[in-house]
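K.L.:
My structure is stored as entry.cif, with mmCIF, C-alpha atoms and all ligand atoms.
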data_structure
#
loop_
_atom_site.group_PDB
_atom_site.id
_atom_site.type_symbol
_atom_site.label_atom_id
_atom_site.label_comp_id
_atom_site.auth_asym_id
_atom_site.auth_seq_id
_atom_site.Cartn_x
_atom_site.Cartn_y
_atom_site.Cartn_z
ATOM 1 C CA MET W 64 4.606 -14.897 37.743
ATOM 2 C CA ASN W 65 3.787 -17.624 35.225
ATOM 3 C CA LYS W 66 6.908 -19.416 33.993
ATOM 4 C CA ALA W 67 5.361 -20.245 30.616
ATOM 5 C CA GLU W 68 5.017 -16.540 29.879
ATOM 6 C CA ILE W 69 8.689 -15.775 30.515
ATOM 7 C CA PRO W 70 10.648 -15.293 27.273
ATOM 8 C CA VAL W 71 13.314 -17.908 26.563
ATOM 9 C CA ALA W 72 16.211 -15.496 27.206
ATOM 10 C CA GLN W 73 15.117 -15.112 30.835
ATOM 11 C CA ARG W 74 13.206 -18.326 31.495
ATOM 12 C CA ALA W 75 15.797 -20.754 32.870
ATOM 13 C CA VAL W 76 17.364 -18.341 35.332
ATOM 14 C CA LEU W 77 14.131 -16.748 36.542
ATOM 15 C CA SER W 78 12.514 -20.192 36.882
ATOM 16 C CA MET W 79 15.342 -21.294 39.124
ATOM 17 C CA LEU W 80 14.760 -18.291 41.393
ATOM 18 C CA LEU W 81 10.957 -18.658 41.280
ATOM 19 C CA ASP W 82 11.263 -22.313 42.360
ATOM 20 C CA ASP W 83 13.301 -21.246 45.391
ATOM 21 C CA HIS W 84 10.724 -18.577 46.246
ATOM 22 C CA ARG W 85 7.914 -21.124 46.098
ATOM 23 C CA GLU W 86 9.770 -23.618 48.255
ATOM 24 C CA VAL W 87 10.364 -21.144 51.061
ATOM 25 C CA LYS W 88 6.822 -19.792 50.878
ATOM 26 C CA LYS W 89 5.563 -23.362 51.301
ATOM 27 C CA LEU W 90 7.733 -23.721 54.404
ATOM 28 C CA PHE W 91 6.426 -20.418 55.828
ATOM 29 C CA LYS W 92 2.895 -21.730 55.442
ATOM 30 C CA ALA W 93 3.802 -25.107 56.928
ATOM 31 C CA PHE W 94 5.273 -23.355 59.978
ATOM 32 C CA GLN W 95 2.092 -21.342 60.521
ATOM 33 C CA GLN W 96 0.050 -24.546 60.542
ATOM 34 C CA GLU W 97 2.461 -26.617 62.634
ATOM 35 C CA LYS W 98 1.419 -27.046 66.263
ATOM 36 C CA ASP W 99 4.349 -29.226 67.352
ATOM 37 C CA LYS W 100 7.417 -27.257 68.487
ATOM 38 C CA THR W 101 10.034 -29.788 67.404
ATOM 39 C CA ALA W 102 8.517 -30.152 63.961
ATOM 40 C CA GLY W 103 8.243 -26.358 63.785
ATOM 41 C CA GLU W 104 11.937 -26.004 64.572
ATOM 42 C CA GLN W 105 12.761 -28.429 61.745
ATOM 43 C CA ILE W 106 10.784 -26.271 59.339
ATOM 44 C CA VAL W 107 12.628 -23.157 60.533
ATOM 45 C CA ARG W 108 16.028 -24.810 60.021
ATOM 46 C CA GLU W 109 15.106 -25.973 56.540
ATOM 47 C CA ALA W 110 13.735 -22.568 55.519
ATOM 48 C CA CYS W 111 16.812 -20.771 56.886
ATOM 49 C CA GLU W 112 19.145 -23.116 54.985
ATOM 50 C CA LYS W 113 17.268 -22.586 51.749
ATOM 51 C CA LEU W 114 17.187 -18.837 52.257
ATOM 52 C CA THR W 115 20.902 -18.727 52.984
ATOM 53 C CA VAL W 116 21.702 -20.512 49.724
ATOM 54 C CA HIS W 117 19.220 -18.396 47.760
ATOM 55 C CA THR W 118 20.349 -15.010 49.093
ATOM 56 C CA GLN W 119 23.993 -15.915 48.596
ATOM 57 C CA LEU W 120 23.348 -17.085 45.054
ATOM 58 C CA GLU W 121 21.556 -13.841 44.216
ATOM 59 C CA GLU W 122 24.185 -11.660 45.867
ATOM 60 C CA GLU W 123 27.198 -13.428 44.400
ATOM 61 C CA VAL W 124 25.952 -14.197 40.910
ATOM 62 C CA PHE W 125 22.528 -12.818 39.970
ATOM 63 C CA TYR W 126 22.574 -9.239 41.298
ATOM 64 C CA PRO W 127 26.119 -8.448 40.051
ATOM 65 C CA PHE W 128 25.127 -9.687 36.587
ATOM 66 C CA VAL W 129 21.996 -7.509 36.659
ATOM 67 C CA ARG W 130 24.066 -4.494 37.716
ATOM 68 C CA ASP W 131 26.636 -5.101 34.974
ATOM 69 C CA ASN W 132 24.250 -5.938 32.167
ATOM 70 C CA GLY W 133 21.080 -4.042 33.069
ATOM 71 C CA GLY W 134 22.850 -0.818 33.806
ATOM 72 C CA GLU W 135 21.756 2.248 35.735
ATOM 73 C CA ALA W 136 18.045 1.418 35.421
ATOM 74 C CA PHE W 137 18.495 -1.464 37.869
ATOM 75 C CA LYS W 138 20.693 0.229 40.451
ATOM 76 C CA ASP W 139 17.976 1.247 42.932
ATOM 77 C CA LEU W 140 16.120 -2.069 42.754
ATOM 78 C CA VAL W 141 19.280 -4.093 43.328
ATOM 79 C CA ASP W 142 20.474 -1.769 46.110
ATOM 80 C CA GLU W 143 17.148 -2.205 47.914
ATOM 81 C CA ALA W 144 17.262 -5.957 47.416
ATOM 82 C CA VAL W 145 20.708 -6.133 49.037
ATOM 83 C CA VAL W 146 19.470 -4.145 52.050
ATOM 84 C CA GLU W 147 16.435 -6.425 52.376
ATOM 85 C CA HIS W 148 18.706 -9.460 52.249
ATOM 86 C CA ALA W 149 20.817 -8.009 55.063
ATOM 87 C CA THR W 150 17.762 -7.781 57.332
ATOM 88 C CA ALA W 151 16.757 -11.343 56.478
ATOM 89 C CA LYS W 152 20.286 -12.641 57.069
ATOM 90 C CA ASP W 153 20.409 -10.935 60.452
ATOM 91 C CA LEU W 154 17.216 -12.684 61.570
ATOM 92 C CA ILE W 155 18.512 -16.011 60.197
ATOM 93 C CA LYS W 156 21.676 -15.569 62.245
ATOM 94 C CA GLN W 157 19.693 -14.834 65.402
ATOM 95 C CA LEU W 158 17.487 -17.884 64.813
ATOM 96 C CA SER W 159 20.495 -20.152 64.318
ATOM 97 C CA GLY W 160 21.491 -19.576 67.943
ATOM 98 C CA MET W 161 18.018 -20.272 69.301
ATOM 99 C CA GLN W 162 15.731 -23.220 69.962
ATOM 100 C CA ALA W 163 12.009 -23.666 69.462
ATOM 101 C CA GLY W 164 11.207 -23.136 73.133
ATOM 102 C CA ASP W 165 13.076 -19.825 73.391
ATOM 103 C CA ASP W 166 11.266 -16.534 73.788
ATOM 104 C CA LEU W 167 10.753 -14.819 70.448
ATOM 105 C CA PHE W 168 11.815 -17.830 68.369
ATOM 106 C CA ALA W 169 8.427 -18.084 66.648
ATOM 107 C CA ALA W 170 8.108 -14.294 66.482
ATOM 108 C CA LYS W 171 11.482 -13.946 64.805
ATOM 109 C CA PHE W 172 10.666 -16.564 62.221
ATOM 110 C CA THR W 173 7.257 -15.006 61.575
ATOM 111 C CA VAL W 174 8.880 -11.618 60.991
ATOM 112 C CA LEU W 175 11.507 -13.238 58.759
ATOM 113 C CA ALA W 176 8.706 -14.846 56.741
ATOM 114 C CA GLU W 177 6.980 -11.459 56.382
ATOM 115 C CA TYR W 178 10.171 -9.704 55.281
ATOM 116 C CA VAL W 179 11.041 -12.409 52.793
ATOM 117 C CA SER W 180 7.510 -12.551 51.397
ATOM 118 C CA HIS W 181 7.634 -8.803 50.793
ATOM 119 C CA HIS W 182 11.069 -9.054 49.205
ATOM 120 C CA VAL W 183 10.054 -11.957 46.974
ATOM 121 C CA GLU W 184 6.983 -10.001 45.890
ATOM 122 C CA GLU W 185 9.202 -7.080 44.845
ATOM 123 C CA GLU W 186 11.502 -9.332 42.867
ATOM 124 C CA GLU W 187 8.594 -10.987 41.104
ATOM 125 C CA THR W 188 6.556 -7.855 40.397
ATOM 126 C CA GLU W 189 9.332 -5.289 39.784
ATOM 127 C CA LEU W 190 12.802 -6.695 39.175
ATOM 128 C CA PHE W 191 11.991 -9.780 37.086
ATOM 129 C CA PRO W 192 9.371 -8.064 34.858
ATOM 130 C CA LYS W 193 11.800 -5.192 34.275
ATOM 131 C CA LEU W 194 14.519 -7.608 33.143
ATOM 132 C CA ILE W 195 12.019 -9.068 30.694
ATOM 133 C CA ARG W 196 10.794 -5.643 29.483
ATOM 134 C CA GLN W 197 14.325 -4.415 28.937
ATOM 135 C CA HIS W 198 15.337 -7.646 27.181
ATOM 136 C CA VAL W 199 18.293 -8.312 29.475
ATOM 137 C CA ASP W 200 19.637 -11.637 28.219
ATOM 138 C CA LEU W 201 20.038 -13.904 31.241
ATOM 139 C CA ALA W 202 21.054 -16.997 29.275
ATOM 140 C CA PRO W 203 24.795 -16.558 30.017
ATOM 141 C CA LEU W 204 23.920 -16.744 33.721
ATOM 142 C CA GLN W 205 22.336 -20.166 33.598
ATOM 143 C CA GLU W 206 25.522 -22.185 33.867
ATOM 144 C CA PRO W 207 27.273 -20.125 36.566
ATOM 145 C CA MET W 208 24.059 -19.969 38.610
ATOM 146 C CA THR W 209 23.509 -23.720 38.434
ATOM 147 C CA ALA W 210 27.134 -24.437 39.326
ATOM 148 C CA ARG W 211 27.187 -22.001 42.245
ATOM 149 C CA LYS W 212 23.891 -23.307 43.596
ATOM 150 C CA GLU W 213 25.183 -26.870 43.570
ATOM 151 C CA ALA W 214 28.346 -25.809 45.373
ATOM 152 C CA LEU W 215 26.394 -23.862 48.000
ATOM 153 C CA LEU W 216 24.036 -26.788 48.575
ATOM 154 C CA ALA W 217 27.011 -29.123 48.994
ATOM 155 C CA GLU W 218 28.512 -26.714 51.557
ATOM 156 C CA THR W 219 25.323 -26.587 53.636
ATOM 157 C CA ALA W 220 24.899 -30.368 53.487
ATOM 158 C CA SER W 221 28.382 -30.974 54.907
HETATM 159 FE FE FE F 301 16.437 -11.647 46.792
HETATM 160 FE FE FE F 302 14.919 -14.135 45.304
#
Can I see the file as structure tokens?
P.N.:
Amino acid sequence: MNKAEIPVAQRAVLSMLLDDHREVKKLFKAFQQEKDKTAGEQIVREACEKLTVHTQLEEEVFYPFVRDNGGEAFKDLVDEAVVEHATAKDLIKQLSGMQAGDDLFAAKFTVLAEYVSHHVEEEETELFPKLIRQHVDLAPLQEPMTARKEALLAETAS
């Protein structure tokens, strides 16, 4: 999805989410190429932190707004997104109790990366384009999304 092609009413909010998607995808790739276990574990921790903030931000602020303002047409897409998040969050939780040398650590992160990549693809090819097509004005979301993201980042940093 090319940010320049996103109409102004949706651009700021969708750009914020697209940036997150790109950051985690970069980390997934970095993990695949990393041969050192300790460095690999660092990448996993960073990706899981970013995903935790991103999924929480979408679930607390973005998806409810889409449900309320997009109406019935968005119900199925948002429902599926929430279920996909639950699977991702479960794997993140399992990984948080593990170390790089543990059995299945790499496998769990690889599966997480696959799930998330699929989910991100759906958001970028179905949900976001539909919001644009249906002219759902996302501008009112910009401030609450930015504020909540900052708060969530501060929580994870502490
Ligand atoms: Fe999502
Ligand atoms: Fe997302």
K.L.:
Ligand FE 301 (chain F): which residues are within 7 Å, counting all atoms listed in the file? Reply as a VMD selection string.
P.N.:
chain W and resid 118 121 144 148 182 to 183 186
K.L.:
Give the centre and edge lengths of an axis-aligned box, in Å to one decimal, that holds all listed atoms of range 64-75 of chain W with 4 Å on each side, as AutoDock Vina command-line options.
P.N.:
--center_x 10.0 --center_y -17.8 --center_z 32.2 --size_x 20.4 --size_y 13.9 --size_z 19.2
K.L.:
At what distance in Å, to one decimal, does CA of Arg211 in chain W lie from CA of Tyr126 in chain W?
P.N.:
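It comes out at 13.6 Å.
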K.L.:
Using the chain letters and residue numbers of this document, give as number ranges by chain the residues selected by the PyMOL selection byres (((chain W and resi 159) around 12) and not hetatm).
P.N.:
W: 104-105, 107-112, 115, 152-158, 160-163, 165, 168, 171-172
K.L.:
Please write out the residues within 10 Å of ligand FE 302 (chain F) as a PDB file with C-alpha atoms, in the frame of the given file, counting only C-alpha atoms and all ligand atoms.
P.N.:
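See selection.pdb below for the written result:
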ATOM      1  CA  LEU W  77      14.131 -16.748  36.542  1.00  0.00           C
ATOM      2  CA  MET W  79      15.342 -21.294  39.124  1.00  0.00           C
ATOM      3  CA  LEU W  80      14.760 -18.291  41.393  1.00  0.00           C
ATOM      4  CA  LEU W  81      10.957 -18.658  41.280  1.00  0.00           C
ATOM      5  CA  ASP W  82      11.263 -22.313  42.360  1.00  0.00           C
ATOM      6  CA  ASP W  83      13.301 -21.246  45.391  1.00  0.00           C
ATOM      7  CA  HIS W  84      10.724 -18.577  46.246  1.00  0.00           C
ATOM      8  CA  ARG W  85       7.914 -21.124  46.098  1.00  0.00           C
ATOM      9  CA  LEU W 114      17.187 -18.837  52.257  1.00  0.00           C
ATOM     10  CA  HIS W 117      19.220 -18.396  47.760  1.00  0.00           C
ATOM     11  CA  THR W 118      20.349 -15.010  49.093  1.00  0.00           C
ATOM     12  CA  GLN W 119      23.993 -15.915  48.596  1.00  0.00           C
ATOM     13  CA  LEU W 120      23.348 -17.085  45.054  1.00  0.00           C
ATOM     14  CA  GLU W 121      21.556 -13.841  44.216  1.00  0.00           C
ATOM     15  CA  GLU W 122      24.185 -11.660  45.867  1.00  0.00           C
ATOM     16  CA  PHE W 125      22.528 -12.818  39.970  1.00  0.00           C
ATOM     17  CA  TYR W 126      22.574  -9.239  41.298  1.00  0.00           C
ATOM     18  CA  ALA W 144      17.262  -5.957  47.416  1.00  0.00           C
ATOM     19  CA  HIS W 148      18.706  -9.460  52.249  1.00  0.00           C
ATOM     20  CA  VAL W 179      11.041 -12.409  52.793  1.00  0.00           C
ATOM     21  CA  SER W 180       7.510 -12.551  51.397  1.00  0.00           C
ATOM     22  CA  HIS W 182      11.069  -9.054  49.205  1.00  0.00           C
ATOM     23  CA  VAL W 183      10.054 -11.957  46.974  1.00  0.00           C
ATOM     24  CA  GLU W 184       6.983 -10.001  45.890  1.00  0.00           C
ATOM     25  CA  GLU W 185       9.202  -7.080  44.845  1.00  0.00           C
ATOM     26  CA  GLU W 186      11.502  -9.332  42.867  1.00  0.00           C
ATOM     27  CA  GLU W 187       8.594 -10.987  41.104  1.00  0.00           C
ATOM     28  CA  LEU W 190      12.802  -6.695  39.175  1.00  0.00           C
ATOM     29  CA  PHE W 191      11.991  -9.780  37.086  1.00  0.00           C
TER      30      PHE W 191
END
K.L.:
Name all residues at most 6 Å from range 67-75 of chain W (count only C-alpha atoms; drop same-chain ones fewer than 4 positions away) and give them as a list of chain:residue names.
P.N.:
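Within the cut-off, the hits are W:Asp200, W:Leu201, W:Ala202.
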K.L.:
State, in Å with one decimal place, the distance from CA of Val146 in chain W to CA of Ser221 in chain W.
P.N.:
28.4 Å
